[in-house]
Structures are given as C-alpha cells and as structure tokens.
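Engineer: Quick one: the structure is below, and I'll ask about it shortly.
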Amino acid sequence: MNPLNEYTARREKWNSANQRLEKRFNAIGNWRLITALTFVLLAWLVWGAGSISSWWLLAPVAVFIALAVWHGRVVRERTFARRAITYYDHGLARLADHWMGTGNTGERFSNPEHVYSGDLDIFGKGSLFELVCTARTGSGESMLAQWFQAPGSPKEIHARQEAVRELSPKLDLREDLALLGEDVRAGVHADGLGAWGSAPPVHFARYLRPLALLLAVGGVVLVLVFFAHLIPLWPFVAVLGCDFLLIARLRKRVAHVIAAIETPGHELAILSLVLERLERESFESPYLKRLRTSMDVGTLPASKRIAQLQRWVATIDSSDHLLIRAIRPILLWQEQLAMGVEAWRAEAGAHVGTWLWAVGEFEALSSLASLSFEHPAWRFPVLDDHAYPVFEGASLRHPLLSSAKCVPNDVSLGSQAGHCDLLIVSGSNMSGKSTLLRSIGLNTVLAWAGAPVAAEQLRVSAMQIGASLRVVDSLLDGRSRFMAEITRLRQIVALTDGGPPVLFLLDELLSGTNSHDRRIGAAAIVHGLLRRGAIGLITTHDLALADLEKDRESKAGNMHFEDVIVGGRIEFDYRLRPGVVVRSNALELMRAVGLEV
C-alpha cells in the first residue's frame, strides 16, 4: 500500500460519511421538531377540543422515542467519522512533514539528567516521540518512552522487528484503535492502576457483603410498606440504626478503598476497549502471540473483567449526586461498592499489571509499525551481535527532517570492523555537524527500539549512547556551561564501567575553556573513552583537535563539511568529506548580520 494514497482515500471515505451523517443529523432534528409539534396539536385536540381519543398521543411519543434512539446512533457514528478524519489528518501531516507541534510530545518523560534524550530531541515539540507515538493509553506511551531511553537486548529487538513487520500493513487495526474511546488521555495514572491491582486487598469479613445487601433491601422494602400505611415507622428506624452501626465500623476501610481506586481507575474505559479489540485479532509472530495470550485469564476475557471494574468505578463516581447522597445510608451504597471492588481485586487484581504491560507493549509496537508504514524507504537495521562496537550507515539521514531536504551521508565507525574508532568532524557554523551527530544518535535509538531507520542500510552493534550536544548553564543550580558539560562527560565515561560499549557524540568538546586546556582535556577524555572500548564522534571549530588523527593510540580520522560564498550568500551542501576543513565562515556570518569586522 502507498501510504499517501491509502490515507487520502480513507480520509475521503470518512469525510463522505461525516457529510452524510451531518445531513442525517439535521434531518432527524427536524423530524423531532415536527413530531413535538404534532404532539402539541394532538394534545390540544384531546384535551382542548375533546374531538379525538387520548390514544392518539401514543403515536408521536413512540415516533419521538424512535427518533431519539436513531439520533443517538447517528451522533455516535458521526463522532467516529470525525475522529477518523482527525487521525488521517495527522497521518497526512506526518507524510507532508508538517507534523511538528500536532502530536503527543511526551514532555512528562523528559529527564534533564538522562545521558542523551535531551540532546537528541527524544521528547518535546518536534521530537522523535511526537513523530512516532500513536498510543491511546498511558501504558503505551510509557512503554515507548522506555524503549527510546534504554536499548533492548538483541533477542528482544529481533522479536520486535518481526512484530513491527507484521503490524505495519494492518491499517484497519490501527484505525480501529484510533477510534476507540474519548480523545482525552488519562494515562498518567497507568502505573498507579497496576500498583493498585497488585497491592494486598482490604479485608472484609465474608458475611458483611450479604449482610449489607440484606439491610439495603430490607430498608427499601420497609420504606415502601411504611408509605403504604401498612406498618409503623419504628422497623425502618431499627434497620437504619443497624446501617449506621455498619457504616461506622467500616468507615476507614471503605474510605481507603474508594480513595485508592479513584485516581488510577480513570484509564479503565480506554483500556477495556483496547483489550476487547485486540482479543478479536489473530497474529503470526511469536512476540504478538505471547502478548495476545497474556490477555486471557480464566474463562472471562480481560476486556470483560476490566469492564466490570470500570462499572464499579463509574458507580463510585456517581456517589456525589444529590439524590444518591440522600439515600446512601439506606442502601449502604459506598460500603457495597467498596466490598464489590475489593472482591474484584481479590479475583483479578494480580493480572492488572500484566494486562497493562501487554497493552503498553502492543501500542508501542503499533506506533513503530505506523512509522514503518509511513516511511517505506526506511530499512530495518542489521543488529550485529559481536562483542566489539560497530556502526556502518549508508545514506544515513536525520529521522526528524524532511527526506526531500535532508542530505544523506555515509558514516562508519569501529576499528575491529576496519574503520576508525573516532571521527573528528570539523566545519564552519551551520554546516551540518550537529545534525550529523543527531542523525547517528537518533537512528541508533530507533534501531535498538526495534524500529526501521532513516538509512538505505545500517549495521549497528548493541551500544549505550552518551551525548553532549545541548548542555547549558543553570542559574538556579549555580552551574556554568563548562561545569554542565564536564558533568555530562563524567556521566558518559561512567557508562563505560559496565554494559555494552559506548557510542559517544560530543559537539564542540570543551568549548567553554581556553584552547590550551581544551586541547589537553579533550585529548585525555577521548583517549580515556577509546581505551574503555568506546567509539564515537566529536565536532569542533578548533582545528588543533584535528591533530588527534596523528595520535596512533586514538585510531582517529578527520571528516569535514564545506560551504561556499555565492553572491555574498553562504551556501552549504551538507556533504561529509574526508580530511580537515580549510576555511571558516565565522567572519562572513558576522559581516552578513551587519557587524563591522
């Protein structure tokens, strides 16, 4: 399927349906008005003129009820159509590279202390998360954020790649999931729901639930019999006294149960709908089959069990209604609800975490599948399982930039694979050095999340990423830019103490100090990283750092970007070339903005 043609055709289909439903909605509204006016006319003929039987009034009432039911169905279908239009509008915006600022930015997952997420634009406006995430639940968003911040194992990533390949053409499934539930994301409390499910249940004696039901039924019956003037009031007062004694005894436990479920329970509606849709789907890859199997517990499907809990929570939410508050003591309303919720948790609560995990993993995979479908030119990387680090990218591009504007480059690292362990990238301002680092970093993140990458070919080993591209000073923390940078460098060096080899991406290394200290410090840091088995790139304006290539210990090579002056304007081709840059554009840029230099 061609993504643009498919999205356009489906949007047109839903737009036609929306227009048809809008006309039907207006027509039903007119018919309801006509029916109401007919009822008024017949009512006058019945009670005013007395010329016809009152049985005639049943006809407009029946028609009005039928129109109301039809109206509700049309409203629901029109909501689906409008949601589908929005879904495909977002898809078409991504295909046209107009997606920035229109999606879920994942800001809540941003961590300034993370060793690369802030530098590589993993979260925020125009970020990798905004481009990729299509999850409807908080558990799906959390899972995708976790995959982007920590590489998986080779076994896990091979399984994810197979699952993403299977899900990529399943556009009908992704469309169905997009139409489920409301557009409000209540997923911030997904972790809380899982923790609530696995927490020890609040204990209620087995006899209390039938006793509460008996007292509630008895209280209602006695009230009705009293108002029928068949018995005196004191039997009802006696039952009500028992109610208050029971309420006082259970007060703390009931308050604890209701407070515990009130916040995490708001994601239940969408979770139930997602589970129900996935239960109707069949899969081929082992990974997806395992996720599907994890949703089945006992004879009742997970979606039905979650729907049961959702009804309990919805009933608890209605407890503050004025009428309910008036009759709450008679019905032992909150007490019965609390015991019902705890009975559900005793039976199924231990499985909530598993269901959330399964839905989260599936939604994260579905997000990667959508990325794969929308970028057919992207390729799944070859995941190298050798112990030594290697990165070999052919026609590597920045995943967040338009493919029509982004210039691809070939990048190879890893001495044991026949390349340099260190690339020193020089070049003038705005020539593409930082973009190259982010292209390498983001594609590595995508590769070890299980996604396709923006390259014609990529071979990459398991690596930890350490990046220093966007370190800034902090007035609040009393920290200079130089202190922030060396603190980040210490984090990157610490990564080499364990785990997979490190891929370091250092932009303008130690630019916050003088040239002499910079040359000595940069050489020491780079040599230390290389001795610990790391590979990577550094960019620089200081051509003294280019001399690192002469150091045999560093296994380094020089690369550069060039620019040319055409008609007084600086132009770039963004092509990576071997060797050291021979000219700078800093003075030209100063003159271009009107500075006398």
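We name chains A, B, ... following the order of the structure tokens; residues begin at 1 in each chain, and ligands are numbered from 1 as shown.
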With the cut-off set at 12 Å and counting only C-alpha atoms, tabulate each residue of range 218-295 of chain A with an atom at most that distance from an atom of range 318-337 of chain A, showing the nearest atom pair and its distance in Å to one decimal, ordered by chain and increasing number, as JSON lines.
Structural biologist:
```
{"residue": "A:Gly218", "atom": "CA", "partner": "A:Ile330", "partner_atom": "CA", "distance": 9.1}
{"residue": "A:Gly219", "atom": "CA", "partner": "A:Ile330", "partner_atom": "CA", "distance": 6.0}
{"residue": "A:Val220", "atom": "CA", "partner": "A:Ile330", "partner_atom": "CA", "distance": 7.2}
{"residue": "A:Val221", "atom": "CA", "partner": "A:Ile330", "partner_atom": "CA", "distance": 10.6}
{"residue": "A:Leu222", "atom": "CA", "partner": "A:Ile330", "partner_atom": "CA", "distance": 10.6}
{"residue": "A:Val223", "atom": "CA", "partner": "A:Ile330", "partner_atom": "CA", "distance": 9.6}
{"residue": "A:Phe236", "atom": "CA", "partner": "A:Ile330", "partner_atom": "CA", "distance": 9.5}
{"residue": "A:Val237", "atom": "CA", "partner": "A:Ile330", "partner_atom": "CA", "distance": 10.2}
{"residue": "A:Ala238", "atom": "CA", "partner": "A:Ile330", "partner_atom": "CA", "distance": 11.4}
{"residue": "A:Val239", "atom": "CA", "partner": "A:Ile330", "partner_atom": "CA", "distance": 8.5}
{"residue": "A:Leu240", "atom": "CA", "partner": "A:Ile330", "partner_atom": "CA", "distance": 6.4}
{"residue": "A:Gly241", "atom": "CA", "partner": "A:Ile330", "partner_atom": "CA", "distance": 9.7}
{"residue": "A:Cys242", "atom": "CA", "partner": "A:Ile330", "partner_atom": "CA", "distance": 9.9}
{"residue": "A:Asp243", "atom": "CA", "partner": "A:Pro329", "partner_atom": "CA", "distance": 6.5}
{"residue": "A:Phe244", "atom": "CA", "partner": "A:Pro329", "partner_atom": "CA", "distance": 7.0}
{"residue": "A:Leu245", "atom": "CA", "partner": "A:Pro329", "partner_atom": "CA", "distance": 10.5}
{"residue": "A:Leu246", "atom": "CA", "partner": "A:Leu332", "partner_atom": "CA", "distance": 8.6}
{"residue": "A:Ile247", "atom": "CA", "partner": "A:Glu335", "partner_atom": "CA", "distance": 7.2}
{"residue": "A:Ala248", "atom": "CA", "partner": "A:Glu335", "partner_atom": "CA", "distance": 10.4}
{"residue": "A:Arg249", "atom": "CA", "partner": "A:Glu335", "partner_atom": "CA", "distance": 10.4}
{"residue": "A:Leu250", "atom": "CA", "partner": "A:Glu335", "partner_atom": "CA", "distance": 7.3}
{"residue": "A:Arg251", "atom": "CA", "partner": "A:Glu335", "partner_atom": "CA", "distance": 8.2}
{"residue": "A:Lys252", "atom": "CA", "partner": "A:Glu335", "partner_atom": "CA", "distance": 10.6}
{"residue": "A:Arg253", "atom": "CA", "partner": "A:Glu335", "partner_atom": "CA", "distance": 9.0}
{"residue": "A:Val254", "atom": "CA", "partner": "A:Glu335", "partner_atom": "CA", "distance": 6.1}
{"residue": "A:Ala255", "atom": "CA", "partner": "A:Gln334", "partner_atom": "CA", "distance": 8.7}
{"residue": "A:His256", "atom": "CA", "partner": "A:Glu335", "partner_atom": "CA", "distance": 11.3}
{"residue": "A:Val257", "atom": "CA", "partner": "A:Leu337", "partner_atom": "CA", "distance": 9.2}
{"residue": "A:Ile258", "atom": "CA", "partner": "A:Gln334", "partner_atom": "CA", "distance": 8.2}
{"residue": "A:Ala259", "atom": "CA", "partner": "A:Gln334", "partner_atom": "CA", "distance": 11.6}
{"residue": "A:Ile261", "atom": "CA", "partner": "A:Leu337", "partner_atom": "CA", "distance": 11.3}
{"residue": "A:Glu262", "atom": "CA", "partner": "A:Ser318", "partner_atom": "CA", "distance": 11.6}
```
Engineer: Applying 10 Å and only C-alpha atoms, which residues near Leu120 in chain A remain after dropping the ones on its own chain fewer than 2 positions away? List them as number ranges by chain.
Structural biologist: A: 115-118, 122-123, 127-128, 434-435, 437-442, 445, 467-470, 505
Engineer: Please produce a file of the residues just selected, as an mmCIF file, in the first residue's frame, where the atoms kept are C-alpha atoms.
Structural biologist:
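What ended up in again.cif:
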```cif
data_model
loop_
_atom_site.group_PDB
_atom_site.id
_atom_site.type_symbol
_atom_site.label_atom_id
_atom_site.label_comp_id
_atom_site.auth_asym_id
_atom_site.auth_seq_id
_atom_site.Cartn_x
_atom_site.Cartn_y
_atom_site.Cartn_z
ATOM 1 C CA VAL A 115 22.588 10.926 29.134
ATOM 2 C CA TYR A 116 21.166 11.565 25.655
ATOM 3 C CA SER A 117 17.389 12.133 25.496
ATOM 4 C CA GLY A 118 17.552 15.935 25.774
ATOM 5 C CA ILE A 122 13.727 12.343 22.104
ATOM 6 C CA PHE A 123 10.913 14.297 23.821
ATOM 7 C CA SER A 127 10.782 15.260 18.864
ATOM 8 C CA LEU A 128 11.164 11.604 17.975
ATOM 9 C CA SER A 434 25.334 18.789 14.994
ATOM 10 C CA THR A 435 22.742 17.395 12.569
ATOM 11 C CA LEU A 437 25.558 13.677 15.396
ATOM 12 C CA ARG A 438 21.801 13.652 15.933
ATOM 13 C CA SER A 439 21.298 11.555 12.785
ATOM 14 C CA ILE A 440 23.663 8.920 14.174
ATOM 15 C CA GLY A 441 22.200 9.053 17.669
ATOM 16 C CA LEU A 442 18.515 9.001 16.664
ATOM 17 C CA VAL A 445 17.887 4.810 19.248
ATOM 18 C CA ALA A 467 25.666 12.619 24.031
ATOM 19 C CA SER A 468 26.791 16.135 24.843
ATOM 20 C CA LEU A 469 25.203 18.452 22.266
ATOM 21 C CA ARG A 470 22.958 20.786 24.210
ATOM 22 C CA LEU A 505 28.558 12.031 20.392
#
```
Engineer: What gap, in Å, lies between CA of Thr35 in chain A and CA of Ala17 in chain A?
Structural biologist: 26.3 Å
Engineer: Have a look at CA of Ile34 in chain A and CA of Glu77 in chain A and let me know their distance in Å, one decimal.
Structural biologist: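 Computing it gives 23.6 Å between the two atoms.
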Engineer: Quick one: residues within 7 Å of range 199-212 of chain A, only C-alpha atoms, excluding same-chain residues fewer than 2 positions away - as a ChimeraX atom specification?
Structural biologist: /A:195-197,214-216,253,332,336,339,342,345-346
Engineer: What does the distance between CA of Met295 in chain A and CA of Ala260 in chain A come to in Å, to one decimal place?
Structural biologist: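 Result for CA of Met295 in chain A versus CA of Ala260 in chain A: 23.9 Å, one decimal.
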Engineer: Quick one: residues within 9 Å of Pro578 in chain A, only C-alpha atoms, excluding same-chain residues fewer than 5 positions away - as number ranges by chain?
Structural biologist: A: 557-561
Engineer: Restricting it to N, CA and C atoms, dump the selection as a PDB file, in the first residue's frame.
Structural biologist:
```pdb
ATOM      1  N   GLY A 557      40.095   9.575  12.653  1.00  0.00           N
ATOM      2  CA  GLY A 557      40.090  10.085  11.295  1.00  0.00           C
ATOM      3  C   GLY A 557      39.392  11.415  11.250  1.00  0.00           C
ATOM      4  N   ASN A 558      39.796  12.269  10.313  1.00  0.00           N
ATOM      5  CA  ASN A 558      39.186  13.592  10.169  1.00  0.00           C
ATOM      6  C   ASN A 558      38.169  13.597   9.036  1.00  0.00           C
ATOM      7  N   MET A 559      37.033  14.226   9.294  1.00  0.00           N
ATOM      8  CA  MET A 559      35.997  14.452   8.292  1.00  0.00           C
ATOM      9  C   MET A 559      35.574  15.909   8.414  1.00  0.00           C
ATOM     10  N   HIS A 560      34.960  16.450   7.358  1.00  0.00           N
ATOM     11  CA  HIS A 560      34.559  17.853   7.443  1.00  0.00           C
ATOM     12  C   HIS A 560      33.380  18.156   6.518  1.00  0.00           C
ATOM     13  N   PHE A 561      32.727  19.290   6.816  1.00  0.00           N
ATOM     14  CA  PHE A 561      31.688  19.860   5.963  1.00  0.00           C
ATOM     15  C   PHE A 561      32.224  21.167   5.384  1.00  0.00           C
TER      16      PHE A 561
END
```
Engineer: Using only C-alpha atoms, can you tell me which of A:Ala228, A:Glu588, A:Phe129, A:Pro381 comes closest to Arg569 in chain A?
Structural biologist: A:Glu588
Engineer: Kindly indicate which residue among A:Ser412, A:Leu37, A:Gln464, A:Gly450 lies nearest to Gly498 in chain A, using only C-alpha atoms for the distances.
Structural biologist: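 Using only C-alpha atoms, Gly498 in chain A sits closest to A:Gln464.
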